[in-house]
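For reference, entry27.cif (mmCIF, C-alpha atoms):
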```cif
data_structure
loop_
_atom_site.label_atom_id
_atom_site.label_comp_id
_atom_site.auth_asym_id
_atom_site.auth_seq_id
_atom_site.Cartn_x
_atom_site.Cartn_y
_atom_site.Cartn_z
CA MET B 1 -12.72 9.65 18.51
CA THR B 2 -9.48 10.76 16.92
CA PHE B 3 -6.67 11.15 19.46
CA THR B 4 -5.31 14.69 19.37
CA LEU B 5 -2.85 16.60 21.50
CA THR B 6 -4.34 18.78 24.22
CA PRO B 7 -4.19 22.58 23.89
CA THR B 8 -1.61 22.65 26.69
CA THR B 9 0.62 20.47 24.52
CA LEU B 10 0.03 22.23 21.22
CA PRO B 11 -0.67 25.96 21.72
CA GLU B 12 -3.99 27.00 20.21
CA SER B 13 -2.38 29.73 18.12
CA HIS B 14 -0.24 27.08 16.41
CA ALA B 15 -2.90 24.41 16.04
CA ALA B 16 -3.89 23.09 12.62
CA PRO B 17 -7.32 24.02 11.24
CA ALA B 18 -10.19 21.84 12.42
CA ASP B 19 -10.15 18.32 10.95
CA VAL B 20 -6.73 18.83 9.34
CA LEU B 21 -4.03 16.58 10.77
CA ASP B 22 -1.23 18.16 12.79
CA ALA B 23 1.20 16.56 10.35
CA ASP B 24 -0.45 18.41 7.43
CA PHE B 25 1.47 21.57 8.32
CA TYR B 26 0.61 23.44 5.13
CA GLY B 27 -3.03 22.35 5.08
CA PHE B 28 -2.91 20.37 1.83
CA GLN B 29 -6.09 18.54 2.82
CA THR B 30 -8.05 21.73 2.20
CA LEU B 31 -7.40 21.26 -1.54
CA LEU B 32 -10.03 18.51 -1.42
CA SER B 33 -13.66 19.34 -2.05
CA ASP B 34 -15.99 19.72 0.92
CA ALA B 35 -17.62 16.39 0.07
CA GLU B 36 -14.23 14.66 -0.10
CA GLN B 37 -13.19 16.14 3.24
CA ARG B 38 -16.41 14.92 4.85
CA ALA B 39 -15.84 11.44 3.44
CA LEU B 40 -12.24 11.52 4.67
CA ARG B 41 -13.39 12.40 8.19
CA GLY B 42 -15.74 9.41 8.19
CA ILE B 43 -12.94 7.10 7.09
CA ARG B 44 -10.63 8.58 9.72
CA ASP B 45 -13.19 7.94 12.47
CA PHE B 46 -13.51 4.31 11.36
CA LEU B 47 -9.74 3.86 11.40
CA GLU B 48 -9.33 5.44 14.82
CA THR B 49 -12.04 3.30 16.43
CA GLU B 50 -11.86 -0.05 14.60
CA VAL B 51 -8.32 -0.34 13.23
CA ARG B 52 -5.61 1.55 15.12
CA PRO B 53 -6.49 0.37 18.69
CA PHE B 54 -6.10 -3.28 17.66
CA ALA B 55 -3.29 -2.96 15.13
CA ASP B 56 -0.46 -3.85 17.51
CA ASP B 57 -2.19 -7.04 18.60
CA HIS B 58 -2.82 -8.23 15.04
CA TRP B 59 0.77 -7.31 14.12
CA ASP B 60 2.14 -9.26 17.08
CA ARG B 61 0.10 -12.36 16.15
CA ALA B 62 0.88 -11.96 12.43
CA GLU B 63 -2.80 -12.39 11.59
CA SER B 64 -4.83 -10.34 9.15
CA PRO B 65 -8.00 -8.77 10.65
CA ARG B 66 -10.29 -10.45 8.14
CA HIS B 67 -13.38 -9.41 10.09
CA LEU B 68 -12.78 -5.89 8.77
CA VAL B 69 -13.21 -6.94 5.13
CA PRO B 70 -16.98 -6.21 4.96
CA ARG B 71 -16.65 -2.97 6.96
CA ILE B 72 -13.99 -1.71 4.56
CA ALA B 73 -16.27 -2.62 1.66
CA GLU B 74 -19.14 -0.67 3.24
CA LEU B 75 -16.94 2.43 3.22
CA GLY B 76 -16.32 1.97 -0.51
CA LEU B 77 -12.57 1.54 -0.12
CA TYR B 78 -12.25 -1.29 -2.65
CA GLY B 79 -12.05 -0.41 -6.31
CA ASN B 80 -13.57 3.04 -6.22
CA ALA B 81 -11.68 4.00 -9.39
CA PHE B 82 -13.74 1.70 -11.59
CA ASP B 83 -17.03 2.34 -13.30
CA GLU B 84 -18.30 -1.12 -12.40
CA THR B 85 -17.92 -0.50 -8.67
CA ARG B 86 -18.90 3.13 -8.03
CA GLU B 87 -21.66 5.44 -9.17
CA PHE B 88 -19.08 8.21 -9.43
CA GLU B 89 -15.31 8.37 -9.55
CA ASN B 90 -13.35 10.18 -6.86
CA SER B 91 -10.22 12.09 -7.71
CA ASN B 92 -6.84 10.43 -7.51
CA VAL B 93 -5.84 13.06 -4.97
CA PHE B 94 -8.71 11.97 -2.72
CA ARG B 95 -7.85 8.30 -3.14
CA GLY B 96 -4.26 9.15 -2.25
CA TRP B 97 -5.37 10.84 0.95
CA VAL B 98 -7.45 7.76 1.79
CA ALA B 99 -4.41 5.50 1.28
CA MET B 100 -2.38 7.79 3.52
CA GLU B 101 -5.06 7.79 6.23
CA ILE B 102 -5.29 3.99 6.26
CA SER B 103 -1.51 3.61 6.43
CA ARG B 104 -1.36 6.27 9.14
CA ALA B 105 -3.51 3.99 11.30
CA ASP B 106 -2.01 0.69 10.19
CA PRO B 107 0.38 0.16 7.27
CA SER B 108 -0.55 -3.54 7.10
CA THR B 109 -4.22 -2.76 6.54
CA ALA B 110 -3.20 -0.27 3.85
CA THR B 111 -1.10 -2.96 2.18
CA PHE B 112 -3.96 -5.48 2.29
CA ILE B 113 -6.25 -2.96 0.56
CA GLY B 114 -3.51 -1.89 -1.84
CA VAL B 115 -2.94 -5.46 -3.02
CA HIS B 116 -6.63 -6.39 -3.26
CA SER B 117 -8.07 -3.15 -4.61
CA GLY B 118 -4.96 -1.63 -6.15
CA LEU B 119 -2.83 -4.28 -7.80
CA ALA B 120 -5.35 -7.09 -8.34
CA MET B 121 -8.45 -5.08 -9.23
CA THR B 122 -6.49 -2.61 -11.33
CA SER B 123 -5.00 -5.54 -13.27
CA ILE B 124 -8.53 -6.69 -14.09
CA ALA B 125 -9.71 -3.17 -14.86
CA VAL B 126 -6.77 -2.44 -17.17
CA GLY B 127 -6.26 -5.89 -18.69
CA GLY B 128 -9.61 -7.59 -18.48
CA SER B 129 -12.32 -7.85 -21.11
CA ASP B 130 -15.68 -6.20 -20.51
CA GLU B 131 -16.99 -9.60 -19.40
CA GLN B 132 -14.12 -10.14 -16.97
CA ARG B 133 -14.54 -6.67 -15.50
CA ALA B 134 -18.27 -7.20 -15.03
CA GLU B 135 -17.74 -10.63 -13.46
CA TRP B 136 -15.01 -9.77 -10.99
CA LEU B 137 -14.86 -6.07 -10.10
CA PRO B 138 -18.24 -5.80 -8.31
CA VAL B 139 -17.62 -9.05 -6.39
CA LEU B 140 -14.19 -7.89 -5.24
CA ALA B 141 -15.44 -4.40 -4.43
CA ARG B 142 -18.05 -5.89 -2.09
CA GLY B 143 -15.36 -7.92 -0.37
CA GLU B 144 -17.14 -11.15 -1.18
CA GLN B 145 -13.87 -12.59 -2.43
CA ILE B 146 -10.28 -11.52 -1.81
CA ALA B 147 -7.72 -11.13 -4.58
CA CYS B 148 -3.96 -10.86 -4.76
CA PHE B 149 -1.24 -10.17 -7.32
CA GLY B 150 1.39 -12.75 -8.28
CA LEU B 151 4.38 -11.20 -10.03
CA THR B 152 7.49 -11.52 -7.83
CA GLU B 153 9.28 -14.87 -7.95
CA PRO B 154 11.83 -16.55 -5.66
CA GLY B 155 14.62 -15.66 -8.09
CA HIS B 156 13.20 -12.52 -9.67
CA GLY B 157 12.06 -9.21 -8.22
CA SER B 158 13.51 -6.13 -9.89
CA ASP B 159 14.23 -8.03 -13.12
CA THR B 160 10.80 -9.58 -13.71
CA ALA B 161 10.44 -7.71 -17.02
CA LYS B 162 13.21 -9.86 -18.50
CA GLY B 163 13.62 -12.74 -16.08
CA LEU B 164 10.09 -14.01 -15.36
CA GLU B 165 10.35 -17.82 -15.16
CA THR B 166 6.72 -18.83 -14.55
CA THR B 167 5.47 -20.24 -17.84
CA ALA B 168 2.12 -20.43 -19.60
CA GLU B 169 1.60 -22.94 -22.39
CA ARG B 170 -1.49 -22.80 -24.56
CA ARG B 171 -3.15 -26.02 -25.67
CA THR B 172 -6.41 -27.08 -27.28
CA ARG B 173 -8.65 -29.63 -25.63
CA ALA B 174 -10.40 -32.44 -27.46
CA ASP B 175 -13.63 -30.41 -27.51
CA GLY B 176 -11.83 -27.57 -29.32
CA ALA B 177 -11.66 -25.21 -26.32
CA ASP B 178 -8.37 -23.46 -25.57
CA GLU B 179 -6.74 -23.54 -22.14
CA TRP B 180 -3.41 -22.68 -20.54
CA VAL B 181 -1.09 -24.71 -18.34
CA LEU B 182 0.86 -22.68 -15.77
CA ASN B 183 4.06 -23.81 -14.07
CA GLY B 184 6.33 -21.88 -11.74
CA ALA B 185 6.60 -20.23 -8.33
CA LYS B 186 5.80 -16.84 -6.80
CA ARG B 187 7.09 -15.29 -3.58
CA TRP B 188 6.11 -12.48 -1.20
CA ILE B 189 2.53 -12.48 -2.47
CA GLY B 190 0.51 -10.25 -0.16
CA ASN B 191 -2.89 -11.73 0.83
CA GLY B 192 -1.73 -14.92 -0.86
CA ALA B 193 -2.23 -17.08 2.22
CA PHE B 194 -6.02 -16.64 2.14
CA ALA B 195 -6.97 -15.11 -1.22
CA ASP B 196 -9.75 -16.57 -3.37
CA LEU B 197 -8.31 -15.25 -6.64
CA VAL B 198 -4.73 -14.63 -7.76
CA VAL B 199 -3.69 -12.58 -10.77
CA ILE B 200 -0.74 -14.65 -11.99
CA TRP B 201 1.79 -13.17 -14.42
CA ALA B 202 3.53 -15.73 -16.62
CA ARG B 203 5.59 -15.86 -19.79
CA ASP B 204 3.96 -17.42 -22.84
CA VAL B 205 6.30 -20.15 -24.07
CA ALA B 206 5.19 -19.51 -27.66
CA ASP B 207 5.95 -15.81 -28.05
CA GLN B 208 7.87 -15.10 -24.79
CA GLN B 209 5.44 -12.28 -23.91
CA VAL B 210 4.17 -11.75 -20.36
CA LYS B 211 0.48 -12.48 -19.94
CA GLY B 212 -1.95 -12.29 -17.03
CA PHE B 213 -4.23 -15.06 -15.74
CA LEU B 214 -7.06 -15.19 -13.22
CA VAL B 215 -6.37 -18.25 -11.08
CA ARG B 216 -8.93 -19.43 -8.57
CA THR B 217 -7.02 -20.74 -5.57
CA PRO B 218 -8.94 -24.07 -5.28
CA THR B 219 -7.61 -25.02 -8.74
CA PRO B 220 -5.67 -28.32 -8.66
CA GLY B 221 -1.91 -27.81 -8.68
CA PHE B 222 -2.11 -24.44 -6.89
CA THR B 223 -0.59 -24.26 -3.41
CA ALA B 224 0.06 -21.27 -1.15
CA THR B 225 2.16 -21.38 2.02
CA LYS B 226 2.21 -18.50 4.47
CA ILE B 227 5.64 -16.92 4.96
CA GLU B 228 6.45 -17.00 8.67
CA ARG B 229 8.73 -14.99 10.98
CA LYS B 230 8.51 -11.72 9.06
CA GLN B 231 9.62 -8.61 10.94
CA SER B 232 7.78 -6.04 8.82
CA LEU B 233 4.11 -5.71 7.84
CA ARG B 234 3.48 -8.82 9.90
CA THR B 235 -0.30 -8.50 9.61
CA VAL B 236 -0.05 -8.95 5.84
CA GLU B 237 -0.19 -12.70 5.22
CA ASN B 238 2.35 -13.06 2.41
CA ALA B 239 2.68 -16.44 0.76
CA ASP B 240 4.98 -18.58 -1.30
CA ILE B 241 2.94 -19.90 -4.23
CA VAL B 242 3.68 -22.97 -6.35
CA LEU B 243 1.92 -23.64 -9.65
CA GLN B 244 2.28 -27.20 -10.90
CA ASP B 245 0.39 -27.90 -14.12
CA VAL B 246 -2.36 -25.45 -13.13
CA VAL B 247 -4.98 -25.42 -15.91
CA VAL B 248 -6.66 -22.10 -16.67
CA PRO B 249 -9.31 -21.68 -19.37
CA GLU B 250 -8.74 -19.11 -22.12
CA SER B 251 -11.70 -17.19 -20.68
CA ASP B 252 -9.60 -16.51 -17.55
CA ARG B 253 -6.66 -15.01 -19.44
CA LEU B 254 -6.65 -11.22 -19.16
CA GLN B 255 -7.70 -10.42 -22.70
CA ARG B 256 -6.12 -6.97 -22.99
CA ILE B 257 -2.64 -7.89 -21.77
CA ASP B 258 -0.18 -8.53 -24.59
CA GLY B 259 3.16 -8.03 -22.85
CA PHE B 260 5.04 -6.50 -19.94
CA ARG B 261 4.34 -3.04 -21.32
CA ASP B 262 0.66 -3.53 -20.45
CA LEU B 263 1.56 -4.77 -16.98
CA ALA B 264 3.67 -1.63 -16.53
CA VAL B 265 0.51 0.45 -16.91
CA VAL B 266 -0.88 -1.27 -13.81
CA LEU B 267 2.31 -0.62 -11.87
CA ARG B 268 2.38 3.03 -12.88
CA LEU B 269 -1.16 3.55 -11.62
CA THR B 270 -0.58 1.77 -8.31
CA ARG B 271 2.93 3.09 -7.59
CA ALA B 272 1.63 6.59 -6.96
CA GLN B 273 -0.76 5.17 -4.35
CA VAL B 274 2.15 3.35 -2.71
CA ALA B 275 3.90 6.69 -2.31
CA TRP B 276 0.84 7.92 -0.40
CA GLN B 277 0.89 4.73 1.65
CA ALA B 278 4.54 5.29 2.53
CA LEU B 279 3.65 8.84 3.53
CA GLY B 280 1.06 7.43 5.94
CA VAL B 281 3.77 5.44 7.71
CA ALA B 282 5.71 8.65 8.33
CA VAL B 283 2.60 10.51 9.52
CA GLY B 284 1.71 7.69 11.91
CA ALA B 285 5.24 7.63 13.30
CA TYR B 286 5.29 11.41 13.70
CA GLU B 287 2.02 11.36 15.62
CA CYS B 288 3.39 8.66 17.91
CA ALA B 289 6.54 10.66 18.60
CA LEU B 290 4.65 13.92 19.14
CA ALA B 291 2.26 12.29 21.59
CA TYR B 292 5.13 10.62 23.41
CA ALA B 293 7.19 13.82 23.61
CA ALA B 294 4.23 15.64 25.15
CA ALA B 295 3.54 12.93 27.72
CA ARG B 296 7.04 11.76 28.65
CA VAL B 297 8.53 13.76 31.55
CA GLN B 298 12.29 13.83 32.23
CA PHE B 299 14.19 16.27 34.45
CA GLY B 300 10.82 17.56 35.59
CA LYS B 301 9.68 18.65 32.11
CA PRO B 302 7.96 17.10 29.07
CA ILE B 303 10.72 16.13 26.67
CA ALA B 304 8.83 18.12 24.00
CA SER B 305 10.30 21.21 25.69
CA PHE B 306 13.88 20.19 24.92
CA GLN B 307 15.63 21.75 21.93
CA LEU B 308 17.04 18.50 20.53
CA VAL B 309 13.62 16.85 20.58
CA GLN B 310 12.04 19.84 18.87
CA GLN B 311 14.73 19.69 16.18
CA LYS B 312 13.89 16.06 15.47
CA LEU B 313 10.17 16.84 15.31
CA ALA B 314 10.82 19.77 12.98
CA ASP B 315 12.97 17.62 10.67
CA ALA B 316 10.35 14.86 10.64
CA LEU B 317 7.59 17.35 9.84
CA ALA B 318 9.65 18.92 7.05
CA ASN B 319 10.10 15.49 5.47
CA ILE B 320 6.38 14.82 5.71
CA THR B 321 5.46 18.22 4.26
CA ALA B 322 7.76 17.73 1.26
CA CYS B 323 6.33 14.26 0.70
CA ILE B 324 2.72 15.49 0.84
CA GLY B 325 3.52 18.08 -1.80
CA MET B 326 5.05 15.46 -4.10
CA CYS B 327 2.19 13.00 -3.58
CA VAL B 328 -0.46 15.63 -4.24
CA ARG B 329 1.24 16.72 -7.43
CA VAL B 330 1.71 13.24 -8.89
CA SER B 331 -1.96 12.49 -8.19
CA GLN B 332 -2.97 15.76 -9.84
CA LEU B 333 -0.99 14.67 -12.91
CA GLN B 334 -2.85 11.37 -12.81
CA ASP B 335 -6.20 13.18 -12.66
CA ALA B 336 -5.13 15.28 -15.64
CA GLY B 337 -4.09 12.19 -17.62
CA GLU B 338 -0.49 13.43 -17.71
CA GLN B 339 1.20 11.02 -15.28
CA GLN B 340 4.17 9.08 -16.66
CA ASP B 341 6.14 6.16 -15.24
CA HIS B 342 8.93 8.43 -14.04
CA HIS B 343 6.51 10.65 -12.12
CA SER B 344 5.27 7.70 -10.07
CA ALA B 345 8.78 6.29 -9.72
CA MET B 346 10.20 9.53 -8.35
CA ALA B 347 7.38 9.84 -5.84
CA LYS B 348 7.75 6.28 -4.60
CA ALA B 349 11.54 6.50 -4.33
CA PHE B 350 11.70 9.92 -2.68
CA VAL B 351 8.84 9.41 -0.24
CA SER B 352 9.91 5.95 0.91
CA ALA B 353 13.45 7.22 1.52
CA ARG B 354 12.21 10.18 3.56
CA VAL B 355 9.96 7.83 5.49
CA ARG B 356 12.98 5.81 6.56
CA GLU B 357 14.61 8.97 7.90
CA THR B 358 11.42 10.11 9.58
CA VAL B 359 10.62 6.90 11.44
CA ALA B 360 14.24 6.76 12.67
CA LEU B 361 13.96 10.29 14.08
CA CYS B 362 10.63 9.48 15.68
CA ARG B 363 11.86 6.23 17.23
CA GLU B 364 14.83 8.10 18.66
CA ILE B 365 12.46 10.56 20.36
CA CYS B 366 10.74 7.62 22.06
CA GLY B 367 14.03 6.32 23.47
CA GLY B 368 14.04 2.82 24.90
CA ASN B 369 10.25 2.75 24.94
CA GLY B 370 10.38 3.05 21.17
CA VAL B 371 11.41 -0.57 20.73
CA GLN B 372 8.35 -1.97 22.52
CA LEU B 373 5.17 -2.82 20.66
CA GLY B 374 2.62 -0.58 22.38
CA GLY B 375 3.03 -0.11 26.12
CA GLN B 376 2.48 3.66 26.15
CA GLU B 377 -0.89 3.56 27.92
CA GLN B 378 0.70 4.38 31.29
CA LEU B 379 1.51 7.80 29.83
CA GLY B 380 -2.11 8.37 28.80
CA ILE B 381 -1.37 7.54 25.15
CA PRO B 382 -4.04 5.28 23.58
CA ALA B 383 -3.27 1.86 22.13
CA GLY B 384 -1.90 2.00 18.61
CA TYR B 385 0.31 5.04 19.16
CA GLY B 386 3.53 3.10 19.74
CA ILE B 387 6.38 3.73 17.34
CA ALA B 388 7.88 0.24 16.98
CA ARG B 389 5.33 -1.05 14.44
CA TYR B 390 5.82 1.93 12.12
CA PHE B 391 9.60 1.69 12.46
CA ALA B 392 9.54 -1.94 11.32
CA ASP B 393 6.88 -1.52 8.64
CA ALA B 394 8.79 1.29 6.94
CA GLU B 395 11.37 -1.22 5.73
CA ALA B 396 8.88 -3.24 3.67
CA VAL B 397 7.25 -0.15 2.22
CA TYR B 398 10.71 1.10 1.22
CA THR B 399 11.25 -2.12 -0.76
CA PHE B 400 8.04 -3.24 -2.43
CA GLU B 401 6.46 -1.82 -5.62
CA GLY B 402 9.95 -1.23 -6.96
CA THR B 403 13.04 -0.76 -4.81
CA TYR B 404 14.54 2.69 -4.29
CA ASP B 405 17.32 1.83 -6.74
CA MET B 406 14.99 0.64 -9.51
CA ASN B 407 12.67 3.60 -9.21
CA SER B 408 15.65 5.94 -9.23
CA LEU B 409 16.86 4.34 -12.46
CA ILE B 410 13.45 4.86 -14.05
CA VAL B 411 13.83 8.55 -13.24
CA GLY B 412 17.42 8.51 -14.47
CA ARG B 413 16.31 7.07 -17.80
CA ALA B 414 13.78 9.89 -18.15
CA ILE B 415 16.46 12.48 -17.36
CA THR B 416 19.18 11.17 -19.68
CA GLY B 417 17.36 9.04 -22.22
CA ILE B 418 19.78 6.22 -21.37
CA PRO B 419 18.58 3.06 -19.60
CA ALA B 420 21.03 1.93 -16.91
CA PHE B 421 19.26 -1.10 -15.44
CA VAL B 422 22.18 -3.50 -15.98
#
```
Let's see the structure in the file written out as structure tokens.
Amino acid sequence: MTFTLTPTTLPESHAAPADVLDADFYGFQTLLSDAEQRALRGIRDFLETEVRPFADDHWDRAESPRHLVPRIAELGLYGNAFDETREFENSNVFRGWVAMEISRADPSTATFIGVHSGLAMTSIAVGGSDEQRAEWLPVLARGEQIACFGLTEPGHGSDTAKGLETTAERRTRADGADEWVLNGAKRWIGNGAFADLVVIWARDVADQQVKGFLVRTPTPGFTATKIERKQSLRTVENADIVLQDVVVPESDRLQRIDGFRDLAVVLRLTRAQVAWQALGVAVGAYECALAYAAARVQFGKPIASFQLVQQKLADALANITACIGMCVRVSQLQDAGEQQDHHSAMAKAFVSARVRETVALCREICGGNGVQLGGQEQLGIPAGYGIARYFADAEAVYTFEGTYDMNSLIVGRAITGIPAFV
């Protein structure tokens, strides 16, 4: 069951409508169709029973809950934007709400799904041939294999458009078949420690254009090493990847990718979802702080009754409400086919910045107990409602899928017509 505040904590006259989260102060969820809201409730129940209660433990051990892969597939959470994997296509607004709900329970699980279903599967959907789409999208949607997305390099993050060093060299075998030889390194690759398939982005040595390749991880010359001692999104098993003379057949080159401009289409589509994911971090943190403020008694009263605590809660909720409005609108633009790069960039930059503010306010409400992973059960607060995990995870969400600075410059270019990236 979903943990909610008791009526004595949240007066009935001020309570949100049934099935609408307390953090959805303006009731944006009601913009969804009845069928979408029913589906969202089912997903929420799954997250509250099978994900959130165990999230702190997985985070502490830095291990991905791989046993959830088939359950997530059963709920249709992989690749539901693609014709090959769904009988119907849900709206982008609905998919945004789903991303928010998953991140609200556990940002690491949301990141795992975002990499597998968002970045990797969208790369295949956008850049793959009909044959590649038919081969891979259904398999990945069923969770039978796990995919990841290899763009960032040890020396290149924000400047990958110009600075990508991983190379791809085309050659013809003795039997006349074409193949590619990949050399280079990738870093911070989510799911990379255990993925079956990696979408590798490399620069063609012949024409200097960025191209995409489907690399099966057992391929000779491919190695992935889990990055240890992370302090954010610990459940996501990021990897350092080395490609040393990795041979990929021409049939595994993404046939509809001819340069970074095509890759940018993938990033535009996924960046809006990352804004929703960031929003989920703020919502999860707010719920932790609200529950804690209701349960924690000081000076003979719940701290929720103190003016300074209420001010922090009000500021956090205002941030969340503004972010929901922006996320809903950018997804509506996507549904209408009107979304541009700068729309997604503004949403990601603004929301992730407000999330940073919000989790700081919420951690402050939790005082010294806010630096402990879990440990709130003595107050009657269920496992998974501790603030520390959200506080730490917000930092990674703020950074990936384009830093705040880079996304701001994309918006600045749209405003002025002048690129200011260097």
Among the residues B:Ser108, B:Gln29, B:Ser117, B:Gln209, the one that comes closest to Gly76 in chain B [using all atoms listed in the file]: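 Using all atoms listed in the file, the shortest distance to Gly76 in chain B belongs to B:Ser117.
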Contacts of Arg133 in chain B within 12 Å, all atoms listed in the file, excl. fewer than 4 positions in-chain, as a PyMOL selection string: chain B and resi 79+82-85+120-129+137-141+214+252+254-256
Give me the result of the PyMOL selection byres ((chain B and resi 387) around 12) on this file, residue by residue, as a PDB file with C-alpha atoms, in the coordinates of the input.
```pdb
ATOM      1  CA  ALA B  55      -3.290  -2.960  15.130  1.00  0.00           C
ATOM      2  CA  ASP B  56      -0.460  -3.850  17.510  1.00  0.00           C
ATOM      3  CA  ARG B 104      -1.360   6.270   9.140  1.00  0.00           C
ATOM      4  CA  ALA B 105      -3.510   3.990  11.300  1.00  0.00           C
ATOM      5  CA  ASP B 106      -2.010   0.690  10.190  1.00  0.00           C
ATOM      6  CA  VAL B 281       3.770   5.440   7.710  1.00  0.00           C
ATOM      7  CA  ALA B 282       5.710   8.650   8.330  1.00  0.00           C
ATOM      8  CA  VAL B 283       2.600  10.510   9.520  1.00  0.00           C
ATOM      9  CA  GLY B 284       1.710   7.690  11.910  1.00  0.00           C
ATOM     10  CA  ALA B 285       5.240   7.630  13.300  1.00  0.00           C
ATOM     11  CA  TYR B 286       5.290  11.410  13.700  1.00  0.00           C
ATOM     12  CA  GLU B 287       2.020  11.360  15.620  1.00  0.00           C
ATOM     13  CA  CYS B 288       3.390   8.660  17.910  1.00  0.00           C
ATOM     14  CA  ALA B 289       6.540  10.660  18.600  1.00  0.00           C
ATOM     15  CA  LEU B 290       4.650  13.920  19.140  1.00  0.00           C
ATOM     16  CA  ALA B 291       2.260  12.290  21.590  1.00  0.00           C
ATOM     17  CA  TYR B 292       5.130  10.620  23.410  1.00  0.00           C
ATOM     18  CA  ALA B 293       7.190  13.820  23.610  1.00  0.00           C
ATOM     19  CA  THR B 358      11.420  10.110   9.580  1.00  0.00           C
ATOM     20  CA  VAL B 359      10.620   6.900  11.440  1.00  0.00           C
ATOM     21  CA  ALA B 360      14.240   6.760  12.670  1.00  0.00           C
ATOM     22  CA  LEU B 361      13.960  10.290  14.080  1.00  0.00           C
ATOM     23  CA  CYS B 362      10.630   9.480  15.680  1.00  0.00           C
ATOM     24  CA  ARG B 363      11.860   6.230  17.230  1.00  0.00           C
ATOM     25  CA  GLU B 364      14.830   8.100  18.660  1.00  0.00           C
ATOM     26  CA  ILE B 365      12.460  10.560  20.360  1.00  0.00           C
ATOM     27  CA  CYS B 366      10.740   7.620  22.060  1.00  0.00           C
ATOM     28  CA  GLY B 367      14.030   6.320  23.470  1.00  0.00           C
ATOM     29  CA  GLY B 368      14.040   2.820  24.900  1.00  0.00           C
ATOM     30  CA  ASN B 369      10.250   2.750  24.940  1.00  0.00           C
ATOM     31  CA  GLY B 370      10.380   3.050  21.170  1.00  0.00           C
ATOM     32  CA  VAL B 371      11.410  -0.570  20.730  1.00  0.00           C
ATOM     33  CA  GLN B 372       8.350  -1.970  22.520  1.00  0.00           C
ATOM     34  CA  LEU B 373       5.170  -2.820  20.660  1.00  0.00           C
ATOM     35  CA  GLY B 374       2.620  -0.580  22.380  1.00  0.00           C
ATOM     36  CA  GLY B 375       3.030  -0.110  26.120  1.00  0.00           C
ATOM     37  CA  GLN B 376       2.480   3.660  26.150  1.00  0.00           C
ATOM     38  CA  ILE B 381      -1.370   7.540  25.150  1.00  0.00           C
ATOM     39  CA  ALA B 383      -3.270   1.860  22.130  1.00  0.00           C
ATOM     40  CA  GLY B 384      -1.900   2.000  18.610  1.00  0.00           C
ATOM     41  CA  TYR B 385       0.310   5.040  19.160  1.00  0.00           C
ATOM     42  CA  GLY B 386       3.530   3.100  19.740  1.00  0.00           C
ATOM     43  CA  ALA B 388       7.880   0.240  16.980  1.00  0.00           C
ATOM     44  CA  ARG B 389       5.330  -1.050  14.440  1.00  0.00           C
ATOM     45  CA  TYR B 390       5.820   1.930  12.120  1.00  0.00           C
ATOM     46  CA  PHE B 391       9.600   1.690  12.460  1.00  0.00           C
ATOM     47  CA  ALA B 392       9.540  -1.940  11.320  1.00  0.00           C
ATOM     48  CA  ASP B 393       6.880  -1.520   8.640  1.00  0.00           C
ATOM     49  CA  ALA B 394       8.790   1.290   6.940  1.00  0.00           C
TER      50      ALA B 394
END
```
Residue neighbourhood Pro218 in chain B, 12 Å, all atoms listed in the file, exclusion window fewer than 6 positions, as a PyMOL selection string: chain B and resi 194-198+224+243+246-248
Separation of CA of Ala275 in chain B from CA of Val411 in chain B in Å: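 Separating CA of Val411 in chain B from CA of Ala275 in chain B is a distance of 14.9 Å.
Using all atoms listed in the file, the shortest contact distance between Glu74 in chain B and any of B:His116, B:Arg203, B:Arg41, B:Arg142 is found at B:Arg142.
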Residues matched by the PyMOL selection byres ((chain B and resi 24) around 9), written as a list in words: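 Going through the file, the PyMOL selection byres ((chain B and resi 24) around 9) ends up selecting Ala16, Val20, Leu21, Asp22, Ala23, Phe25, Tyr26, Gly27, Phe28, Gln29, Val283, Leu317, Ile320, Thr321 and Ile324 of chain B.
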Fix up range 388-394 of chain B with N, CA and C atoms, then write it as a PDB file, in the coordinates of the input.
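Contents of selection_34.pdb, freshly written:
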```
ATOM      1  N   ALA B 388       7.107   1.392  17.458  1.00  0.00           N
ATOM      2  CA  ALA B 388       7.880   0.240  16.980  1.00  0.00           C
ATOM      3  C   ALA B 388       7.293  -0.362  15.703  1.00  0.00           C
ATOM      4  N   ARG B 389       5.966  -0.446  15.618  1.00  0.00           N
ATOM      5  CA  ARG B 389       5.330  -1.050  14.440  1.00  0.00           C
ATOM      6  C   ARG B 389       5.620  -0.235  13.192  1.00  0.00           C
ATOM      7  N   TYR B 390       5.540   1.088  13.279  1.00  0.00           N
ATOM      8  CA  TYR B 390       5.820   1.930  12.120  1.00  0.00           C
ATOM      9  C   TYR B 390       7.299   1.836  11.725  1.00  0.00           C
ATOM     10  N   PHE B 391       8.164   1.780  12.729  1.00  0.00           N
ATOM     11  CA  PHE B 391       9.600   1.690  12.460  1.00  0.00           C
ATOM     12  C   PHE B 391       9.912   0.434  11.659  1.00  0.00           C
ATOM     13  N   ALA B 392       9.304  -0.685  12.030  1.00  0.00           N
ATOM     14  CA  ALA B 392       9.540  -1.940  11.320  1.00  0.00           C
ATOM     15  C   ALA B 392       8.864  -1.956   9.955  1.00  0.00           C
ATOM     16  N   ASP B 393       7.630  -1.451   9.895  1.00  0.00           N
ATOM     17  CA  ASP B 393       6.880  -1.520   8.640  1.00  0.00           C
ATOM     18  C   ASP B 393       7.477  -0.649   7.545  1.00  0.00           C
ATOM     19  N   ALA B 394       8.187   0.404   7.939  1.00  0.00           N
ATOM     20  CA  ALA B 394       8.790   1.290   6.940  1.00  0.00           C
ATOM     21  C   ALA B 394       9.741   0.542   6.021  1.00  0.00           C
TER      22      ALA B 394
END
```
